[in-house]
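Chemist: Pasting a structure here, questions to come.
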Amino acid sequence: FDMYRDAPQLLSAVRRALSGESLTEIVELNNRILEIHYIPILDGGQIAGVNGVAINITERKRAEEERQAHLSALESMVRNLRESERKLEQGQRLAHVGYWDRDLDTDLITSSGETSRIYGIPAEKRVLTLDRVRELMHPEDRPMVRQAVSAALQGSRPFNVEYRVVRPNGEVRYVHSQGDVIRDESGRARRIFGTVQDITERKRAEQRLLVQHTVTQILAEAASIEEATPKILASV
C-alpha cells in the first residue's frame, strides 16, 4: 500500500482494471522506471481481481534517452555543418574561389559548387574525371598544367599555376589554381587538395594596361599617325 500512496497513478490504474480495462502504464518509482501491465481477473464472468506484471525497464529507458540525446546532438551538428557549408559557398561565390580534391588512385576530382560555376558546368556536378577536367582546359595550357602537377608530386615545388578554362559555351576564363599534395605515412602521394580562383577580370585589366602602354610607346616613337597606325593595329 505504501507503493500506491507514493504513486497515485498506480491506484488509478488498478481501479480502471477492476472496471474491466486491460492497460499498460510506464511509471517511475523509487528511481526505477517500470512498465506495468494490468489485466482483470475474471471469475464466472465477474471481475475478481487484477493481475499485475511489472517489468523493470530502467536501463532500456536510460539507453533510449541517451540515444535520443545523441541523435539531437547529431542533428544539431548537421544543422551547424550545413549552415557552415552555406556560408562557405556564399564566401566562395563572392571571392570567385572554389576548392577541388583529386584522388590520385581513381583520378576523380571532387569540387565545390563555385569551382563548377567557374568551369561553366552545373553546380551539382561535384565529381568529375580527370579527363573531363582536362577537356575544360585550353589545349595550349594543358602541358603547362600537367608539368605543374608532376613537379608537385615529385616534391620539387608546390602546385601553383595560371591557365585558361574553356567553358562548354566557348567562353574563355582565366584561373589561378594552387594546391598541396597529401601523402600517407609512407610518403606516398594519395591526394592533391587545392583551390581555383577566377582571375579573368584581373587578366583583362592587365591586358588593357599592356595595350595602352604599347600604344603609347608606338605613338612616342613614330614620326606620324600614319606610321603608327599599322603598328598599333598589329599590336592589338
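Going through the C-alpha cells in order, the chains are called A, B, and so on, while each chain numbers its residues from 1 and the ligands are numbered from 1 in the order shown.
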So which residues of stretch 1-63 of chain A fall under strand (DSSP E) by DSSP, listed as a PyMOL selection string?
Modeler: chain A and resi 23-29+32-43+46-56
Chemist: For the residues in the current selection, export N, CA, C and O atoms as a compact mmCIF listing (two decimals), in the first residue's frame.
Modeler:
# COMPACT_ATOMS: atom_id res chain seq x y z
N LEU A 23 -4.73 -2.57 -19.39
CA LEU A 23 -3.92 -1.41 -19.74
C LEU A 23 -2.46 -1.60 -19.33
O LEU A 23 -2.14 -2.49 -18.54
N THR A 24 -1.64 -0.75 -19.92
CA THR A 24 -0.21 -0.74 -19.63
C THR A 24 0.22 0.69 -19.37
O THR A 24 -0.17 1.61 -20.10
N GLU A 25 1.01 0.88 -18.32
CA GLU A 25 1.48 2.21 -17.99
C GLU A 25 2.97 2.17 -17.68
O GLU A 25 3.50 1.15 -17.21
N ILE A 26 3.63 3.30 -17.96
CA ILE A 26 5.04 3.47 -17.62
C ILE A 26 5.09 4.43 -16.44
O ILE A 26 4.59 5.56 -16.52
N VAL A 27 5.69 4.00 -15.35
CA VAL A 27 5.78 4.85 -14.16
C VAL A 27 7.21 4.84 -13.64
O VAL A 27 7.97 3.89 -13.86
N GLU A 28 7.56 5.93 -12.96
CA GLU A 28 8.86 5.99 -12.29
C GLU A 28 8.62 5.92 -10.80
O GLU A 28 7.89 6.73 -10.24
N LEU A 29 9.26 4.95 -10.18
CA LEU A 29 9.01 4.69 -8.77
C LEU A 29 10.32 4.32 -8.10
O LEU A 29 11.01 3.39 -8.54
N ARG A 32 13.32 3.97 -10.21
CA ARG A 32 13.23 2.92 -11.22
C ARG A 32 12.09 3.25 -12.17
O ARG A 32 11.09 3.83 -11.77
N ILE A 33 12.28 2.84 -13.42
CA ILE A 33 11.22 3.03 -14.42
C ILE A 33 10.60 1.66 -14.68
O ILE A 33 11.29 0.72 -15.07
N LEU A 34 9.30 1.57 -14.44
CA LEU A 34 8.59 0.30 -14.55
C LEU A 34 7.55 0.34 -15.65
O LEU A 34 6.86 1.36 -15.83
N GLU A 35 7.46 -0.76 -16.37
CA GLU A 35 6.38 -0.95 -17.34
C GLU A 35 5.42 -1.95 -16.71
O GLU A 35 5.76 -3.12 -16.52
N ILE A 36 4.24 -1.45 -16.35
CA ILE A 36 3.30 -2.29 -15.59
C ILE A 36 2.09 -2.61 -16.44
O ILE A 36 1.45 -1.71 -17.03
N HIS A 37 1.78 -3.90 -16.52
CA HIS A 37 0.62 -4.39 -17.27
C HIS A 37 -0.47 -4.79 -16.27
O HIS A 37 -0.21 -5.54 -15.32
N TYR A 38 -1.67 -4.29 -16.47
CA TYR A 38 -2.82 -4.59 -15.60
C TYR A 38 -3.83 -5.41 -16.40
O TYR A 38 -4.31 -4.97 -17.45
N ILE A 39 -4.18 -6.59 -15.88
CA ILE A 39 -5.12 -7.48 -16.58
C ILE A 39 -6.20 -7.90 -15.58
O ILE A 39 -5.89 -8.48 -14.53
N PRO A 40 -7.45 -7.60 -15.88
CA PRO A 40 -8.53 -8.01 -14.97
C PRO A 40 -8.60 -9.54 -14.85
O PRO A 40 -8.41 -10.27 -15.83
N ILE A 41 -8.87 -10.02 -13.63
CA ILE A 41 -9.05 -11.45 -13.40
C ILE A 41 -10.56 -11.73 -13.35
O ILE A 41 -11.28 -11.14 -12.53
N LEU A 42 -10.99 -12.60 -14.23
CA LEU A 42 -12.43 -12.90 -14.30
C LEU A 42 -12.72 -14.22 -13.59
O LEU A 42 -11.97 -15.19 -13.71
N ASP A 43 -13.84 -14.24 -12.90
CA ASP A 43 -14.29 -15.46 -12.22
C ASP A 43 -15.80 -15.55 -12.40
O ASP A 43 -16.55 -14.78 -11.80
N GLN A 46 -17.41 -12.44 -13.64
CA GLN A 46 -17.27 -11.28 -12.78
C GLN A 46 -15.79 -10.98 -12.55
O GLN A 46 -14.94 -11.88 -12.57
N ILE A 47 -15.45 -9.72 -12.33
CA ILE A 47 -14.06 -9.33 -12.08
C ILE A 47 -13.74 -9.62 -10.62
O ILE A 47 -14.35 -9.04 -9.70
N ALA A 48 -12.80 -10.55 -10.44
CA ALA A 48 -12.44 -10.96 -9.08
C ALA A 48 -11.18 -10.27 -8.58
O ALA A 48 -10.89 -10.29 -7.38
N GLY A 49 -10.44 -9.67 -9.45
CA GLY A 49 -9.19 -9.01 -9.04
C GLY A 49 -8.43 -8.52 -10.26
O GLY A 49 -8.94 -8.49 -11.38
N VAL A 50 -7.20 -8.18 -9.99
CA VAL A 50 -6.34 -7.65 -11.05
C VAL A 50 -5.00 -8.37 -11.00
O VAL A 50 -4.39 -8.51 -9.93
N ASN A 51 -4.56 -8.82 -12.17
CA ASN A 51 -3.24 -9.44 -12.28
C ASN A 51 -2.28 -8.36 -12.81
O ASN A 51 -2.48 -7.81 -13.89
N GLY A 52 -1.25 -8.04 -12.04
CA GLY A 52 -0.30 -7.00 -12.44
C GLY A 52 1.09 -7.58 -12.67
O GLY A 52 1.57 -8.39 -11.88
N VAL A 53 1.69 -7.19 -13.78
CA VAL A 53 3.06 -7.62 -14.10
C VAL A 53 3.91 -6.37 -14.29
O VAL A 53 3.61 -5.53 -15.15
N ALA A 54 4.96 -6.24 -13.48
CA ALA A 54 5.84 -5.08 -13.56
C ALA A 54 7.19 -5.51 -14.12
O ALA A 54 7.80 -6.47 -13.65
N ILE A 55 7.63 -4.79 -15.13
CA ILE A 55 8.92 -5.06 -15.78
C ILE A 55 9.83 -3.85 -15.57
O ILE A 55 9.44 -2.72 -15.90
N ASN A 56 10.99 -4.09 -15.05
CA ASN A 56 11.95 -3.01 -14.83
C ASN A 56 12.62 -2.65 -16.16
O ASN A 56 13.41 -3.43 -16.70
Chemist: For the alpha helix (DSSP H) assignment from backbone DSSP, which residues of stretch 55-154 of chain A qualify? Please present them as an MDAnalysis selection string.
Modeler: chainID A and resid 58:95 113:119 130:135 142:154
Chemist: Would you output that residue set with C-alpha atoms, as a PDB file, in the first residue's frame?
Modeler:
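As written to disk, selection_35.pdb reads:
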ATOM      1  CA  THR A  58      15.132   1.465 -16.290  1.00  0.00           C
ATOM      2  CA  GLU A  59      18.235   0.558 -18.290  1.00  0.00           C
ATOM      3  CA  ARG A  60      16.325   0.445 -21.559  1.00  0.00           C
ATOM      4  CA  LYS A  61      14.732   3.837 -20.968  1.00  0.00           C
ATOM      5  CA  ARG A  62      18.038   5.371 -19.910  1.00  0.00           C
ATOM      6  CA  ALA A  63      19.639   3.969 -23.065  1.00  0.00           C
ATOM      7  CA  GLU A  64      16.790   5.362 -25.177  1.00  0.00           C
ATOM      8  CA  GLU A  65      17.175   8.760 -23.531  1.00  0.00           C
ATOM      9  CA  GLU A  66      20.929   8.719 -24.157  1.00  0.00           C
ATOM     10  CA  ARG A  67      20.384   7.655 -27.756  1.00  0.00           C
ATOM     11  CA  GLN A  68      17.852  10.438 -28.234  1.00  0.00           C
ATOM     12  CA  ALA A  69      20.264  12.927 -26.698  1.00  0.00           C
ATOM     13  CA  HIS A  70      22.981  11.729 -29.070  1.00  0.00           C
ATOM     14  CA  LEU A  71      20.597  11.992 -32.027  1.00  0.00           C
ATOM     15  CA  SER A  72      19.621  15.522 -31.017  1.00  0.00           C
ATOM     16  CA  ALA A  73      23.284  16.481 -30.709  1.00  0.00           C
ATOM     17  CA  LEU A  74      23.997  14.915 -34.096  1.00  0.00           C
ATOM     18  CA  GLU A  75      21.091  16.747 -35.708  1.00  0.00           C
ATOM     19  CA  SER A  76      22.407  19.992 -34.229  1.00  0.00           C
ATOM     20  CA  MET A  77      25.877  19.261 -35.604  1.00  0.00           C
ATOM     21  CA  VAL A  78      24.421  18.523 -39.046  1.00  0.00           C
ATOM     22  CA  ARG A  79      22.446  21.776 -38.988  1.00  0.00           C
ATOM     23  CA  ASN A  80      25.562  23.702 -37.977  1.00  0.00           C
ATOM     24  CA  LEU A  81      27.587  21.937 -40.665  1.00  0.00           C
ATOM     25  CA  ARG A  82      25.017  22.751 -43.342  1.00  0.00           C
ATOM     26  CA  GLU A  83      24.978  26.371 -42.210  1.00  0.00           C
ATOM     27  CA  SER A  84      28.777  26.470 -42.329  1.00  0.00           C
ATOM     28  CA  GLU A  85      28.714  24.933 -45.803  1.00  0.00           C
ATOM     29  CA  ARG A  86      26.147  27.508 -46.916  1.00  0.00           C
ATOM     30  CA  LYS A  87      28.325  30.337 -45.621  1.00  0.00           C
ATOM     31  CA  LEU A  88      31.397  28.784 -47.230  1.00  0.00           C
ATOM     32  CA  GLU A  89      29.589  28.529 -50.568  1.00  0.00           C
ATOM     33  CA  GLN A  90      28.481  32.142 -50.255  1.00  0.00           C
ATOM     34  CA  GLY A  91      32.032  33.260 -49.461  1.00  0.00           C
ATOM     35  CA  GLN A  92      33.388  31.300 -52.408  1.00  0.00           C
ATOM     36  CA  ARG A  93      30.903  32.927 -54.761  1.00  0.00           C
ATOM     37  CA  LEU A  94      31.793  36.405 -53.524  1.00  0.00           C
ATOM     38  CA  ALA A  95      35.535  35.780 -53.876  1.00  0.00           C
ATOM     39  CA  GLY A 113      29.837  24.452 -56.398  1.00  0.00           C
ATOM     40  CA  GLU A 114      31.873  27.579 -57.098  1.00  0.00           C
ATOM     41  CA  THR A 115      34.514  25.504 -58.898  1.00  0.00           C
ATOM     42  CA  SER A 116      31.771  24.114 -61.120  1.00  0.00           C
ATOM     43  CA  ARG A 117      30.487  27.620 -61.798  1.00  0.00           C
ATOM     44  CA  ILE A 118      33.998  28.804 -62.728  1.00  0.00           C
ATOM     45  CA  TYR A 119      34.253  25.955 -65.233  1.00  0.00           C
ATOM     46  CA  LEU A 130      40.499  13.974 -64.648  1.00  0.00           C
ATOM     47  CA  ASP A 131      39.917  13.617 -68.408  1.00  0.00           C
ATOM     48  CA  ARG A 132      36.779  15.773 -68.207  1.00  0.00           C
ATOM     49  CA  VAL A 133      38.627  18.494 -66.292  1.00  0.00           C
ATOM     50  CA  ARG A 134      41.435  18.453 -68.853  1.00  0.00           C
ATOM     51  CA  GLU A 135      38.872  18.838 -71.635  1.00  0.00           C
ATOM     52  CA  ARG A 142      47.270  21.570 -70.739  1.00  0.00           C
ATOM     53  CA  PRO A 143      51.014  20.692 -70.979  1.00  0.00           C
ATOM     54  CA  MET A 144      51.846  23.513 -68.541  1.00  0.00           C
ATOM     55  CA  VAL A 145      49.279  22.276 -66.012  1.00  0.00           C
ATOM     56  CA  ARG A 146      50.482  18.682 -66.421  1.00  0.00           C
ATOM     57  CA  GLN A 147      54.067  19.771 -65.735  1.00  0.00           C
ATOM     58  CA  ALA A 148      52.983  21.730 -62.647  1.00  0.00           C
ATOM     59  CA  VAL A 149      51.190  18.657 -61.268  1.00  0.00           C
ATOM     60  CA  SER A 150      54.195  16.436 -61.984  1.00  0.00           C
ATOM     61  CA  ALA A 151      56.563  18.845 -60.201  1.00  0.00           C
ATOM     62  CA  ALA A 152      54.255  18.967 -57.173  1.00  0.00           C
ATOM     63  CA  LEU A 153      54.038  15.163 -56.988  1.00  0.00           C
ATOM     64  CA  GLN A 154      57.838  14.927 -57.172  1.00  0.00           C
TER      65      GLN A 154
END
Chemist: Quick one: which stretch 92-127 of chain A residues come within 10 Å of stretch 171-189 of chain A, and what is the nearest atom pair for each with the distance in Å to one decimal, counting only C-alpha atoms, rows ordered by chain and ascending number, as JSON lines?
Modeler:
{"residue": "A:His96", "atom": "CA", "partner": "A:Val175", "partner_atom": "CA", "distance": 9.8}
{"residue": "A:Val97", "atom": "CA", "partner": "A:His176", "partner_atom": "CA", "distance": 9.3}
{"residue": "A:Gly98", "atom": "CA", "partner": "A:Ser177", "partner_atom": "CA", "distance": 9.4}
{"residue": "A:Tyr99", "atom": "CA", "partner": "A:Ser177", "partner_atom": "CA", "distance": 9.1}
{"residue": "A:Trp100", "atom": "CA", "partner": "A:Gly179", "partner_atom": "CA", "distance": 8.8}
{"residue": "A:Asp101", "atom": "CA", "partner": "A:Gly179", "partner_atom": "CA", "distance": 9.0}
{"residue": "A:Arg102", "atom": "CA", "partner": "A:Val181", "partner_atom": "CA", "distance": 9.5}
{"residue": "A:Asp103", "atom": "CA", "partner": "A:Ala189", "partner_atom": "CA", "distance": 9.5}
{"residue": "A:Leu104", "atom": "CA", "partner": "A:Ala189", "partner_atom": "CA", "distance": 7.4}
{"residue": "A:Asp105", "atom": "CA", "partner": "A:Ala189", "partner_atom": "CA", "distance": 9.3}
{"residue": "A:Ile118", "atom": "CA", "partner": "A:Arg173", "partner_atom": "CA", "distance": 7.9}
{"residue": "A:Tyr119", "atom": "CA", "partner": "A:Arg173", "partner_atom": "CA", "distance": 8.1}
{"residue": "A:Gly120", "atom": "CA", "partner": "A:Glu171", "partner_atom": "CA", "distance": 8.6}
Chemist: Just to confirm, what's the straight-line distance from atom CA of A:Val166 to atom CA of A:Leu136 in Å (one decimal)?
Modeler: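 So the two atoms, atom CA of A:Val166 and atom CA of A:Leu136, lie 5.3 Å apart.
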